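Text of my_file_38.cif (mmCIF, C-alpha atoms and all ligand atoms) as supplied:
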```cif
data_run
loop_
_atom_site.label_atom_id
_atom_site.label_comp_id
_atom_site.auth_asym_id
_atom_site.auth_seq_id
_atom_site.Cartn_x
_atom_site.Cartn_y
_atom_site.Cartn_z
CA MET H 1462 -39.10 -51.96 52.09
CA ALA H 1463 -39.38 -49.12 49.60
CA ASP H 1464 -43.19 -48.93 49.83
CA ALA H 1465 -43.02 -48.45 53.63
CA ARG H 1466 -41.33 -45.09 53.00
CA SER H 1467 -43.34 -41.92 53.35
CA PRO H 1468 -43.87 -39.87 50.17
CA LEU H 1469 -41.61 -37.18 51.66
CA GLU H 1470 -38.81 -39.67 52.28
CA ASN H 1471 -39.01 -40.70 48.62
CA GLU H 1472 -38.84 -37.04 47.61
CA ILE H 1473 -35.82 -36.42 49.86
CA ARG H 1474 -34.03 -39.44 48.43
CA ARG H 1475 -34.76 -38.22 44.92
CA LEU H 1476 -33.33 -34.77 45.75
CA ILE H 1477 -30.20 -36.29 47.28
CA GLY H 1478 -29.84 -38.48 44.17
CA VAL H 1479 -30.00 -35.41 41.92
CA ALA H 1480 -28.14 -32.78 43.95
CA GLY H 1481 -26.01 -34.75 46.41
CA PRO H 1482 -26.03 -34.74 50.23
CA MET H 1483 -28.57 -32.29 51.68
CA PRO H 1484 -27.68 -29.72 54.39
CA LEU H 1485 -29.52 -30.52 57.61
CA ALA H 1486 -31.33 -27.16 57.43
CA ASP H 1487 -32.86 -28.06 54.05
CA TYR H 1488 -33.87 -31.43 55.43
CA MET H 1489 -35.54 -29.84 58.47
CA GLN H 1490 -37.33 -27.30 56.32
CA LEU H 1491 -38.70 -29.98 53.98
CA CYS H 1492 -39.81 -32.15 56.91
CA LEU H 1493 -41.75 -29.31 58.55
CA THR H 1494 -43.03 -27.19 55.70
CA HIS H 1495 -42.88 -29.11 52.36
CA PRO H 1496 -45.97 -27.68 50.61
CA GLN H 1497 -47.57 -31.12 50.30
CA TYR H 1498 -46.03 -33.48 52.84
CA GLY H 1499 -44.59 -31.18 55.51
CA TYR H 1500 -45.37 -32.03 59.13
CA TYR H 1501 -47.27 -28.80 59.86
CA ILE H 1502 -49.06 -28.55 56.54
CA ASP H 1503 -52.11 -30.79 56.89
CA ARG H 1504 -52.50 -31.68 60.53
CA ASP H 1505 -53.27 -30.44 64.04
CA PRO H 1506 -50.28 -31.70 66.04
CA PHE H 1507 -51.34 -30.30 69.42
CA GLY H 1508 -52.96 -31.71 72.51
CA ALA H 1509 -53.51 -35.11 74.06
CA GLY H 1510 -54.41 -36.77 70.74
CA GLY H 1511 -51.53 -35.10 68.90
CA ASP H 1512 -47.76 -35.09 69.27
CA PHE H 1513 -47.01 -32.44 71.90
CA VAL H 1514 -48.60 -29.93 74.27
CA THR H 1515 -47.64 -26.24 74.36
CA SER H 1516 -48.10 -23.69 77.16
CA PRO H 1517 -51.24 -21.98 75.77
CA GLU H 1518 -52.83 -25.44 75.48
CA ILE H 1519 -51.98 -26.20 79.12
CA SER H 1520 -53.85 -23.23 80.51
CA GLN H 1521 -55.82 -20.13 79.51
CA MET H 1522 -53.68 -18.19 82.02
CA PHE H 1523 -50.74 -18.19 79.61
CA GLY H 1524 -52.57 -16.32 76.83
CA GLU H 1525 -54.47 -14.10 79.25
CA LEU H 1526 -51.33 -12.75 80.90
CA ILE H 1527 -49.78 -12.16 77.48
CA GLY H 1528 -52.94 -10.23 76.51
CA LEU H 1529 -52.47 -7.95 79.52
CA TRP H 1530 -48.75 -7.65 78.74
CA MET H 1531 -49.66 -6.44 75.24
CA ALA H 1532 -52.19 -3.94 76.57
CA SER H 1533 -49.65 -2.38 78.89
CA VAL H 1534 -46.92 -2.31 76.24
CA TRP H 1535 -49.41 -0.53 73.96
CA GLN H 1536 -49.85 2.09 76.69
CA GLN H 1537 -46.05 2.45 76.95
CA MET H 1538 -45.98 2.99 73.18
CA GLY H 1539 -48.20 6.04 73.71
CA ALA H 1540 -51.49 4.21 73.02
CA PRO H 1541 -51.36 4.52 69.19
CA GLU H 1542 -54.78 4.60 67.55
CA ASN H 1543 -53.87 1.66 65.33
CA VAL H 1544 -51.65 -1.18 66.41
CA ARG H 1545 -50.88 -4.49 64.74
CA ILE H 1546 -50.91 -7.49 66.99
CA ILE H 1547 -48.75 -10.03 65.18
CA GLU H 1548 -48.46 -13.66 66.20
CA LEU H 1549 -45.83 -15.89 64.63
CA GLY H 1550 -46.86 -19.56 64.38
CA PRO H 1551 -50.20 -19.35 66.26
CA GLY H 1552 -50.90 -23.12 66.28
CA ARG H 1553 -54.56 -23.59 67.21
CA GLY H 1554 -55.08 -19.87 67.90
CA THR H 1555 -55.54 -20.52 71.61
CA LEU H 1556 -53.03 -17.96 72.86
CA MET H 1557 -54.59 -15.18 70.76
CA GLN H 1558 -58.11 -16.14 71.78
CA ASP H 1559 -57.21 -15.99 75.48
CA ALA H 1560 -55.16 -12.81 75.02
CA LEU H 1561 -57.94 -10.91 73.25
CA ARG H 1562 -60.52 -11.98 75.82
CA ALA H 1563 -58.31 -10.76 78.67
CA ALA H 1564 -57.55 -7.51 76.81
CA LYS H 1565 -61.24 -6.58 76.95
CA VAL H 1566 -60.50 -4.82 80.23
CA VAL H 1567 -58.65 -2.16 78.23
CA GLN H 1568 -61.35 -1.26 75.70
CA ALA H 1569 -59.34 1.45 73.93
CA PHE H 1570 -56.63 -1.13 73.24
CA ARG H 1571 -59.12 -3.65 71.85
CA SER H 1572 -60.49 -1.01 69.49
CA ALA H 1573 -56.99 -0.13 68.25
CA ILE H 1574 -56.11 -3.70 67.24
CA VAL H 1575 -55.79 -5.45 63.91
CA VAL H 1576 -54.52 -9.02 64.37
CA HIS H 1577 -52.01 -10.41 61.85
CA LEU H 1578 -51.31 -14.13 62.08
CA VAL H 1579 -48.19 -15.49 60.37
CA GLU H 1580 -48.96 -19.13 59.70
CA ILE H 1581 -47.60 -21.40 57.00
CA SER H 1582 -50.06 -24.26 57.51
CA PRO H 1583 -53.41 -24.12 55.66
CA ALA H 1584 -54.85 -26.68 58.10
CA LEU H 1585 -53.91 -24.59 61.15
CA GLN H 1586 -55.07 -21.37 59.46
CA GLN H 1587 -58.53 -22.93 59.22
CA ILE H 1588 -58.55 -23.88 62.89
CA GLN H 1589 -57.41 -20.35 63.82
CA GLN H 1590 -60.14 -18.85 61.68
CA ARG H 1591 -62.86 -20.85 63.42
CA ARG H 1592 -61.46 -19.91 66.81
CA LEU H 1593 -61.04 -16.22 66.25
CA GLU H 1594 -63.93 -15.23 64.00
CA GLN H 1595 -66.39 -14.54 66.83
CA LEU H 1596 -64.05 -12.26 68.75
CA GLY H 1597 -65.05 -9.07 66.99
CA VAL H 1598 -61.49 -8.06 66.09
CA PRO H 1599 -60.23 -7.99 62.48
CA VAL H 1600 -57.83 -10.87 61.72
CA LEU H 1601 -55.61 -11.25 58.65
CA TRP H 1602 -53.36 -14.17 57.66
CA HIS H 1603 -49.89 -14.19 56.11
CA THR H 1604 -47.32 -16.88 55.45
CA ALA H 1605 -44.30 -14.73 56.34
CA LEU H 1606 -43.59 -11.77 58.62
CA GLU H 1607 -42.30 -9.77 55.65
CA GLU H 1608 -45.88 -9.68 54.28
CA VAL H 1609 -47.26 -7.86 57.33
CA PRO H 1610 -47.47 -4.09 56.71
CA ARG H 1611 -45.09 -1.92 58.75
CA GLY H 1612 -46.31 0.31 61.55
CA PRO H 1613 -46.71 0.22 65.33
CA SER H 1614 -46.81 -3.43 66.32
CA ILE H 1615 -46.65 -5.88 69.17
CA VAL H 1616 -45.42 -9.36 68.27
CA VAL H 1617 -45.72 -12.61 70.15
CA ALA H 1618 -44.07 -15.92 69.23
CA ASN H 1619 -44.40 -18.99 71.44
CA GLU H 1620 -42.54 -22.10 70.27
CA PHE H 1621 -42.07 -20.63 66.81
CA ILE H 1622 -38.33 -20.06 66.44
CA ASP H 1623 -37.54 -23.61 67.60
CA ALA H 1624 -39.30 -24.81 64.44
CA LEU H 1625 -37.13 -22.71 62.10
CA PRO H 1626 -34.44 -24.80 60.39
CA ILE H 1627 -31.01 -25.12 61.95
CA HIS H 1628 -27.67 -25.70 60.31
CA GLN H 1629 -24.99 -27.76 62.01
CA ALA H 1630 -21.25 -27.96 61.44
CA VAL H 1631 -18.76 -30.40 62.93
CA LYS H 1632 -15.12 -29.57 63.64
CA LYS H 1633 -12.52 -31.62 61.78
CA PRO H 1634 -8.71 -31.17 61.56
CA ASP H 1635 -9.06 -29.10 58.37
CA GLY H 1636 -11.96 -26.93 59.63
CA TRP H 1637 -15.73 -26.97 60.20
CA HIS H 1638 -17.81 -29.14 57.86
CA GLU H 1639 -21.55 -28.65 57.38
CA ARG H 1640 -23.60 -31.66 58.51
CA VAL H 1641 -25.68 -33.16 55.72
CA VAL H 1642 -28.29 -35.89 55.22
CA ASP H 1643 -27.09 -38.61 52.88
CA ILE H 1644 -27.90 -42.18 51.82
CA ALA H 1645 -25.68 -44.92 53.31
CA PRO H 1646 -24.53 -47.98 51.27
CA ASP H 1647 -27.19 -50.04 53.12
CA GLY H 1648 -29.87 -47.67 51.77
CA ASN H 1649 -30.70 -45.87 55.04
CA LEU H 1650 -30.59 -42.11 55.53
CA PHE H 1651 -27.78 -40.95 57.78
CA ILE H 1652 -26.22 -37.67 58.92
CA GLY H 1653 -22.73 -37.19 57.56
CA GLU H 1654 -20.66 -34.16 56.73
CA ALA H 1655 -19.84 -32.24 53.58
CA ARG H 1656 -16.47 -33.23 52.10
CA GLU H 1657 -15.07 -29.68 51.97
CA PRO H 1658 -14.86 -27.46 55.07
CA LEU H 1659 -16.99 -24.29 55.17
CA PRO H 1660 -14.72 -21.45 54.04
CA PHE H 1661 -13.77 -18.90 56.75
CA PHE H 1662 -16.39 -20.41 59.05
CA GLU H 1663 -14.61 -19.59 62.30
CA THR H 1664 -14.77 -15.88 61.68
CA SER H 1665 -18.58 -16.08 61.80
CA MET H 1666 -18.87 -18.04 65.04
CA PRO H 1667 -18.58 -16.76 68.63
CA ARG H 1668 -14.91 -16.24 69.48
CA ALA H 1669 -15.09 -18.38 72.62
CA LEU H 1670 -16.15 -21.43 70.61
CA ARG H 1671 -13.40 -21.32 68.01
CA ALA H 1672 -11.04 -23.41 70.12
CA ALA H 1673 -13.62 -26.23 70.46
CA PRO H 1674 -12.23 -29.80 70.53
CA LEU H 1675 -12.39 -31.98 67.40
CA ASP H 1676 -15.82 -33.45 66.58
CA SER H 1677 -17.64 -30.64 68.41
CA ILE H 1678 -20.93 -29.66 66.81
CA TYR H 1679 -22.00 -26.03 66.38
CA GLU H 1680 -25.58 -25.09 65.47
CA TRP H 1681 -26.96 -21.91 63.96
CA ARG H 1682 -30.05 -20.51 62.26
CA ALA H 1683 -30.30 -18.07 59.37
CA ASP H 1684 -30.51 -14.59 60.92
CA THR H 1685 -33.37 -13.46 58.64
CA MET H 1686 -36.06 -13.65 61.33
CA ALA H 1687 -34.01 -11.95 64.05
CA LEU H 1688 -33.05 -9.14 61.65
CA GLU H 1689 -36.61 -8.63 60.48
CA LEU H 1690 -37.85 -8.47 64.08
CA GLY H 1691 -35.06 -6.10 65.05
CA ARG H 1692 -35.69 -3.84 62.07
CA ARG H 1693 -39.42 -3.56 62.80
CA MET H 1694 -39.22 -3.28 66.58
CA ARG H 1695 -36.38 -0.76 66.83
CA SER H 1696 -38.68 2.07 65.80
CA ASP H 1697 -42.18 1.01 66.57
CA GLY H 1698 -43.00 -1.80 68.91
CA ALA H 1699 -42.07 -4.79 71.01
CA ALA H 1700 -41.82 -8.52 70.36
CA LEU H 1701 -42.16 -11.19 73.03
CA ILE H 1702 -40.38 -14.43 72.21
CA ILE H 1703 -40.96 -17.48 74.38
CA ASP H 1704 -39.21 -20.70 73.52
CA TYR H 1705 -37.01 -23.42 74.87
CA GLY H 1706 -33.32 -22.89 74.44
CA HIS H 1707 -30.15 -21.47 75.92
CA ALA H 1708 -29.48 -17.96 77.12
CA HIS H 1709 -25.82 -18.19 76.04
CA PHE H 1710 -24.30 -19.73 72.95
CA GLY H 1711 -22.74 -23.15 73.26
CA LEU H 1712 -21.77 -26.31 71.44
CA GLY H 1713 -23.76 -29.48 70.87
CA ASP H 1714 -26.49 -31.08 68.79
CA THR H 1715 -29.99 -30.19 70.05
CA LEU H 1716 -32.04 -31.38 67.07
CA GLN H 1717 -34.93 -33.49 68.31
CA ALA H 1718 -37.92 -35.27 66.83
CA VAL H 1719 -41.17 -35.85 68.69
CA ALA H 1720 -44.18 -37.91 67.63
CA GLY H 1721 -47.03 -39.16 69.80
CA HIS H 1722 -45.54 -37.44 72.90
CA ALA H 1723 -42.28 -39.44 72.62
CA PHE H 1724 -38.82 -38.76 71.19
CA THR H 1725 -37.98 -40.45 67.92
CA ASP H 1726 -35.08 -40.49 65.42
CA PRO H 1727 -35.11 -37.27 63.32
CA LEU H 1728 -34.33 -39.35 60.22
CA ARG H 1729 -37.19 -41.79 60.70
CA THR H 1730 -40.46 -41.08 58.93
CA PRO H 1731 -39.60 -37.60 57.65
CA GLY H 1732 -42.66 -35.32 57.65
CA MET H 1733 -44.45 -37.39 60.30
CA ALA H 1734 -42.64 -36.09 63.40
CA ASP H 1735 -42.13 -32.59 64.78
CA LEU H 1736 -38.50 -31.47 64.43
CA THR H 1737 -37.19 -28.69 66.66
CA ALA H 1738 -33.90 -27.43 68.07
CA HIS H 1739 -32.98 -25.11 70.94
CA VAL H 1740 -33.22 -21.41 70.35
CA ASP H 1741 -29.87 -19.67 70.74
CA PHE H 1742 -31.22 -16.53 72.45
CA GLU H 1743 -27.81 -14.89 72.45
CA ALA H 1744 -27.60 -15.15 68.66
CA VAL H 1745 -31.10 -13.69 68.21
CA ALA H 1746 -30.33 -10.90 70.69
CA GLN H 1747 -27.02 -9.94 69.08
CA CYS H 1748 -28.59 -9.83 65.68
CA ALA H 1749 -31.57 -7.66 66.68
CA GLU H 1750 -29.36 -5.42 68.81
CA SER H 1751 -26.89 -4.93 65.97
CA ILE H 1752 -29.52 -2.97 64.04
CA GLY H 1753 -30.68 -0.84 66.92
CA ALA H 1754 -33.36 -2.74 68.85
CA ARG H 1755 -33.17 -3.09 72.63
CA ILE H 1756 -33.13 -6.55 74.21
CA HIS H 1757 -34.90 -7.45 77.47
CA GLY H 1758 -33.93 -10.74 79.09
CA PRO H 1759 -33.80 -13.59 78.33
CA ILE H 1760 -35.33 -14.64 81.63
CA ARG H 1761 -36.97 -17.89 82.65
CA GLN H 1762 -40.62 -18.36 81.62
CA ARG H 1763 -41.20 -18.98 85.32
CA ASP H 1764 -39.93 -15.55 86.31
CA LEU H 1765 -41.86 -13.72 83.63
CA PHE H 1766 -45.18 -15.31 84.57
CA LEU H 1767 -44.67 -14.97 88.30
CA ARG H 1768 -43.96 -11.27 87.82
CA LEU H 1769 -47.00 -10.90 85.59
CA GLY H 1770 -49.09 -12.31 88.43
CA ILE H 1771 -49.89 -15.87 87.35
CA GLU H 1772 -50.38 -16.98 90.97
CA HIS H 1773 -53.05 -14.32 91.54
CA ARG H 1774 -54.77 -15.24 88.29
CA ALA H 1775 -54.75 -18.92 89.31
CA ALA H 1776 -56.19 -18.07 92.72
CA ALA H 1777 -59.01 -16.05 91.13
CA LEU H 1778 -59.85 -18.83 88.67
CA LYS H 1779 -59.75 -21.44 91.43
CA ALA H 1780 -62.08 -19.43 93.65
CA ALA H 1781 -64.67 -19.41 90.88
CA ALA H 1782 -64.25 -23.08 89.85
CA PRO H 1783 -65.74 -26.38 91.03
CA ARG H 1784 -63.39 -28.62 93.01
CA ASP H 1785 -62.09 -30.87 90.20
CA LYS H 1786 -61.45 -27.81 88.01
CA ALA H 1787 -59.56 -26.12 90.84
CA VAL H 1788 -57.18 -29.09 90.99
CA GLU H 1789 -56.61 -28.83 87.22
CA ILE H 1790 -55.77 -25.14 87.54
CA GLU H 1791 -53.26 -25.89 90.28
CA ILE H 1792 -51.59 -28.59 88.15
CA ALA H 1793 -51.46 -26.30 85.10
CA LEU H 1794 -49.91 -23.53 87.19
CA SER H 1795 -47.18 -25.78 88.53
CA ARG H 1796 -46.38 -27.09 85.03
CA LEU H 1797 -46.00 -23.60 83.57
CA ILE H 1798 -43.69 -22.38 86.32
CA ALA H 1799 -41.92 -25.66 87.16
CA ASP H 1800 -38.19 -25.18 87.78
CA GLY H 1801 -35.42 -27.79 87.81
CA ALA H 1802 -33.62 -29.25 84.82
CA ARG H 1803 -36.76 -30.62 83.15
CA GLY H 1804 -39.31 -28.01 84.26
CA MET H 1805 -41.05 -25.93 81.59
CA GLY H 1806 -40.66 -22.79 83.68
CA GLU H 1807 -36.88 -23.25 83.61
CA LEU H 1808 -36.30 -24.70 80.12
CA PHE H 1809 -38.43 -22.07 78.45
CA LYS H 1810 -37.06 -18.54 78.30
CA ALA H 1811 -38.70 -15.25 77.50
CA MET H 1812 -36.96 -12.42 75.68
CA ALA H 1813 -38.27 -9.15 74.29
CA ILE H 1814 -36.99 -7.15 71.35
CA ALA H 1815 -38.20 -3.56 71.53
CA ALA H 1816 -37.78 0.06 70.58
CA PRO H 1817 -35.13 1.50 72.94
CA GLU H 1818 -37.33 4.44 74.03
CA LEU H 1819 -40.01 2.15 75.47
CA GLY H 1820 -37.98 1.64 78.64
CA PRO H 1821 -38.43 -1.38 80.91
CA LEU H 1822 -41.17 -3.80 79.84
CA PRO H 1823 -43.67 -5.54 82.15
CA GLY H 1824 -42.16 -8.68 83.67
CA PHE H 1825 -38.63 -7.80 82.56
CA GLU H 1826 -37.91 -5.13 85.18
CA GLU H 1827 -34.81 -5.80 87.24
CA PRO H 1828 -36.01 -7.45 90.47
N1 LIG H 1901 -47.55 -20.99 69.14
C1 LIG H 1901 -48.35 -22.20 69.11
C2 LIG H 1901 -47.82 -23.25 68.12
C3 LIG H 1901 -46.37 -23.62 68.18
S1 LIG H 1901 -45.93 -24.85 66.95
C4 LIG H 1901 -48.46 -22.76 70.52
O1 LIG H 1901 -47.73 -22.32 71.38
O2 LIG H 1901 -49.29 -23.64 70.73
C5 LIG H 1901 -45.24 -23.91 65.63
C6 LIG H 1901 -46.23 -23.09 64.82
O3 LIG H 1901 -45.49 -22.38 63.83
C7 LIG H 1901 -47.30 -23.85 64.06
O4 LIG H 1901 -48.46 -23.07 64.02
C8 LIG H 1901 -46.66 -24.00 62.68
O5 LIG H 1901 -47.57 -24.30 61.67
C9 LIG H 1901 -46.01 -22.66 62.52
N2 LIG H 1901 -44.86 -22.61 61.62
C10 LIG H 1901 -43.80 -23.44 61.61
N3 LIG H 1901 -42.87 -23.04 60.71
C11 LIG H 1901 -43.36 -21.90 60.16
C12 LIG H 1901 -42.87 -20.99 59.18
N4 LIG H 1901 -41.69 -21.20 58.58
N5 LIG H 1901 -43.62 -19.91 58.86
C13 LIG H 1901 -44.81 -19.69 59.47
N6 LIG H 1901 -45.33 -20.53 60.41
C14 LIG H 1901 -44.63 -21.62 60.74
#
```

Here is a file; write its structure as structure tokens.
Amino acid sequence: MADARSPLENEIRRLIGVAGPMPLADYMQLCLTHPQYGYYIDRDPFGAGGDFVTSPEISQMFGELIGLWMASVWQQMGAPENVRIIELGPGRGTLMQDALRAAKVVQAFRSAIVVHLVEISPALQQIQQRRLEQLGVPVLWHTALEEVPRGPSIVVANEFIDALPIHQAVKKPDGWHERVVDIAPDGNLFIGEAREPLPFFETSMPRALRAAPLDSIYEWRADTMALELGRRMRSDGAALIIDYGHAHFGLGDTLQAVAGHAFTDPLRTPGMADLTAHVDFEAVAQCAESIGARIHGPIRQRDLFLRLGIEHRAAALKAAAPRDKAVEIEIALSRLIADGARGMGELFKAMAIAAPELGPLPGFEEP
């Protein structure tokens, strides 16, 4: 049995043996970004042959419209001579490739750009490099946003925050206990809870959730990323965040594992499946707002892309395409803007964090 375990599972068991039960957030972080065995570190998880498909991989329209969004935000910023285009978690680099191609229509913008990609995975950095090297725009890589120099910037992050580790706590009669990964007597990993409650935990959670019934689960992320975005954007830029999640805080366990396009148990084969959890947009917004940035949205992905003109773009592409391609474009369009409980256009939300003086941003204007 023991030799069937992945090297990362052995490492996690060793750490639990040494330090005791492991907070879920540490577990998630190790699974995704352990320097040797982390899920993202040495593979390309995207596309039909991978584990999941993201919006930029569904259609070039996604990145193109974001490219035009960036060009018009740059104009709103007063067309600074130098602007950093920062992407968080660029995956295969597809979004940026499509965005920069579309942005060619605003030459002055293209000439003002330096691209900064924040990517933790050496394997994906290589793929991004191959993709972006012929575009004629300078590109630099970093492993954290903090490493990117300050200055006027436009940030985009699609399906990035959902991959940042979450903490969970469960309500018990004596308070909220952090959920932890532990080893059961039968030798399997399981999710339990820390013996002692988290001190003064209720004061840090939304007031409306404090009266939750026993056994409720509350999830949260470290606010480092939201604060860093807020701090940078409040004076000099705008960040577009697109991810799946909820517009308002709530209760419940949203941790999920996906491998080979199917859901799996987050504790099975650590490091071999993608782990994500809903983005709590309200928490990100409150955090960025608290230090002076202005929040736009969140709105549904569907609404943002309809307002940015995705139907016109699809019609133009279809007019220039052979018949079978035209059908593909139509299918891609309906996937990106699909509504209903399981539709991408509904599940995914878009929110912007920006300098207050920029005013309304494209796609976020009140209808
Ligand atoms: N935006 C891309 C990929 C989304 S998957 C798309 O839409 O297709 C998440 C991306 O974030 C991957 O590129 C992954 O390697 C990167 N990533 C995950 N955790 C990270 C972290 N802590 N720091 C930097 N990059 C990270």

Could you give me, as a PyMOL selection string, the residues within 10 Å of H:Glu1827, counting all atoms listed in the file and dropping anything in the same chain fewer than 2 positions from it?
chain H and resi 1757-1758+1821-1822+1824-1825

Please, could you write that set of residues out with C-alpha atoms as an mmCIF file, keeping the file's coordinate frame?
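Contents of out.cif, freshly written:
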```
data_model
loop_
_atom_site.group_PDB
_atom_site.id
_atom_site.type_symbol
_atom_site.label_atom_id
_atom_site.label_comp_id
_atom_site.auth_asym_id
_atom_site.auth_seq_id
_atom_site.Cartn_x
_atom_site.Cartn_y
_atom_site.Cartn_z
ATOM 1 C CA HIS H 1757 -34.900 -7.450 77.470
ATOM 2 C CA GLY H 1758 -33.930 -10.740 79.090
ATOM 3 C CA PRO H 1821 -38.430 -1.380 80.910
ATOM 4 C CA LEU H 1822 -41.170 -3.800 79.840
ATOM 5 C CA GLY H 1824 -42.160 -8.680 83.670
ATOM 6 C CA PHE H 1825 -38.630 -7.800 82.560
#
```

Enclose the full set of atoms of stretch 1608-1615 of chain H listed in the file within a box whose edges lie along x, y and z, apply 6 Å of padding to each of the six sides, and report centre and edge lengths in Å to one decimal as JSON.
```
{"center_x": -46.3, "center_y": -4.7, "center_z": 61.7, "size_x": 14.4, "size_y": 22.0, "size_z": 26.9}
```

Can you pull out every residue within 8 Å of stretch 1565-1578 of chain H, counting only C-alpha atoms, but drop anything in the same chain fewer than 3 positions away, and send it as a PyMOL selection string?
chain H and resi 1532+1535+1540-1551+1561-1562+1598-1603+1609

I want to know what sits within 12 Å of stretch 1746-1750 of chain H, based on all atoms listed in the file, with residues of the same chain fewer than 4 positions away left out; could you give that as a ChimeraX atom specification?
/H:1667,1682-1695,1699-1700,1702,1707-1710,1740-1742,1754-1759,1811-1817

Return as a ChimeraX atom specification every polymer residue, whether protein, DNA or RNA, with at least one atom no more than 7 Å from an atom of ligand LIG 1901 (chain H); count all atoms listed in the file.
/H:1493-1494,1501-1502,1515-1518,1549-1553,1579-1582,1585,1604-1605,1618-1621,1624-1625

Identify which of the residues H:Glu1639, H:Trp1530, H:Ala1630, H:Pro1658 lies closest to H:Leu1712, counting only C-alpha atoms when measuring atom-to-atom distances.
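Once distances to H:Leu1712 are computed over only C-alpha atoms, the minimum belongs to H:Ala1630.
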
Proximity check stretch 1638-1713 of chain H to stretch 1729-1739 of chain H, 12 Å, nearest pairs one decimal Å, only C-alpha atoms, as a tab-separated table:
```
residue	atom	partner	partner_atom	distance
H:Val1642	CA	H:Pro1731	CA	11.7
H:Asn1649	CA	H:Arg1729	CA	9.5
H:Leu1650	CA	H:Arg1729	CA	8.4
H:Phe1651	CA	H:Arg1729	CA	9.9
H:Ile1652	CA	H:Arg1729	CA	11.9
H:Tyr1679	CA	H:His1739	CA	11.9
H:Glu1680	CA	H:Ala1738	CA	9.0
H:Trp1681	CA	H:His1739	CA	9.8
H:Arg1682	CA	H:Ala1738	CA	9.8
H:Ile1703	CA	H:His1739	CA	11.6
H:Asp1704	CA	H:His1739	CA	8.1
H:Tyr1705	CA	H:His1739	CA	5.9
H:Gly1706	CA	H:His1739	CA	4.2
H:His1707	CA	H:His1739	CA	6.8
H:Ala1708	CA	H:His1739	CA	10.1
H:His1709	CA	H:His1739	CA	11.2
H:Phe1710	CA	H:His1739	CA	10.4
H:Gly1711	CA	H:His1739	CA	10.7
H:Leu1712	CA	H:His1739	CA	11.3
H:Gly1713	CA	H:His1739	CA	10.2
```

Extract, using all atoms listed in the file, all DNA, RNA and protein residues at most 10 Å from H:Glu1772, discarding same-chain residues fewer than 6 positions from it, and format them as a list in words.
Met1522, Phe1766, Leu1778, Glu1791, Leu1794, Ser1795 and Ile1798 of chain H

Using C-alpha atoms, can you export the residues from the last selection as a CSV table (one decimal), in the frame of the given file?
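New file selection_36.csv:
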```
chain,number,residue,atom,x,y,z
H,1522,MET,CA,-53.7,-18.2,82.0
H,1766,PHE,CA,-45.2,-15.3,84.6
H,1778,LEU,CA,-59.8,-18.8,88.7
H,1791,GLU,CA,-53.3,-25.9,90.3
H,1794,LEU,CA,-49.9,-23.5,87.2
H,1795,SER,CA,-47.2,-25.8,88.5
H,1798,ILE,CA,-43.7,-22.4,86.3
```

If you measure from atom CA of H:Arg1671 to atom CA of H:Asp1487, what distance in Å do you get, rounded to one decimal?
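Calculated distance between atom CA of H:Arg1671 and atom CA of H:Asp1487 is 24.9 Å.
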
Missing atoms in stretch 1631-1638 of chain H: can you complete it with N, CA, C and O atoms, as a JSON list (two decimals), in the frame of the given file?
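Saved as out.json:
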```json
[["chain", "number", "residue", "atom", "x", "y", "z"],
["H", 1631, "VAL", "N", -19.58, -29.61, 62.02],
["H", 1631, "VAL", "CA", -18.76, -30.40, 62.93],
["H", 1631, "VAL", "C", -17.29, -30.06, 62.69],
["H", 1631, "VAL", "O", -16.87, -29.84, 61.55],
["H", 1632, "LYS", "N", -16.53, -29.98, 63.78],
["H", 1632, "LYS", "CA", -15.12, -29.57, 63.64],
["H", 1632, "LYS", "C", -14.23, -30.76, 63.28],
["H", 1632, "LYS", "O", -14.27, -31.80, 63.96],
["H", 1633, "LYS", "N", -13.47, -30.61, 62.22],
["H", 1633, "LYS", "CA", -12.52, -31.62, 61.78],
["H", 1633, "LYS", "C", -11.14, -30.97, 61.71],
["H", 1633, "LYS", "O", -11.03, -29.75, 61.77],
["H", 1634, "PRO", "N", -10.05, -31.77, 61.55],
["H", 1634, "PRO", "CA", -8.71, -31.17, 61.56],
["H", 1634, "PRO", "C", -8.55, -30.05, 60.54],
["H", 1634, "PRO", "O", -7.85, -29.06, 60.78],
["H", 1635, "ASP", "N", -9.24, -30.14, 59.39],
["H", 1635, "ASP", "CA", -9.06, -29.10, 58.37],
["H", 1635, "ASP", "C", -10.14, -28.02, 58.43],
["H", 1635, "ASP", "O", -10.26, -27.20, 57.53],
["H", 1636, "GLY", "N", -10.96, -28.00, 59.51],
["H", 1636, "GLY", "CA", -11.96, -26.93, 59.63],
["H", 1636, "GLY", "C", -13.33, -27.48, 59.95],
["H", 1636, "GLY", "O", -13.49, -28.66, 60.28],
["H", 1637, "TRP", "N", -14.35, -26.59, 59.87],
["H", 1637, "TRP", "CA", -15.73, -26.97, 60.20],
["H", 1637, "TRP", "C", -16.46, -27.41, 58.93],
["H", 1637, "TRP", "O", -16.47, -26.68, 57.94],
["H", 1638, "HIS", "N", -17.08, -28.61, 59.01],
["H", 1638, "HIS", "CA", -17.81, -29.14, 57.86],
["H", 1638, "HIS", "C", -19.30, -29.11, 58.14],
["H", 1638, "HIS", "O", -19.74, -29.54, 59.22]]
```
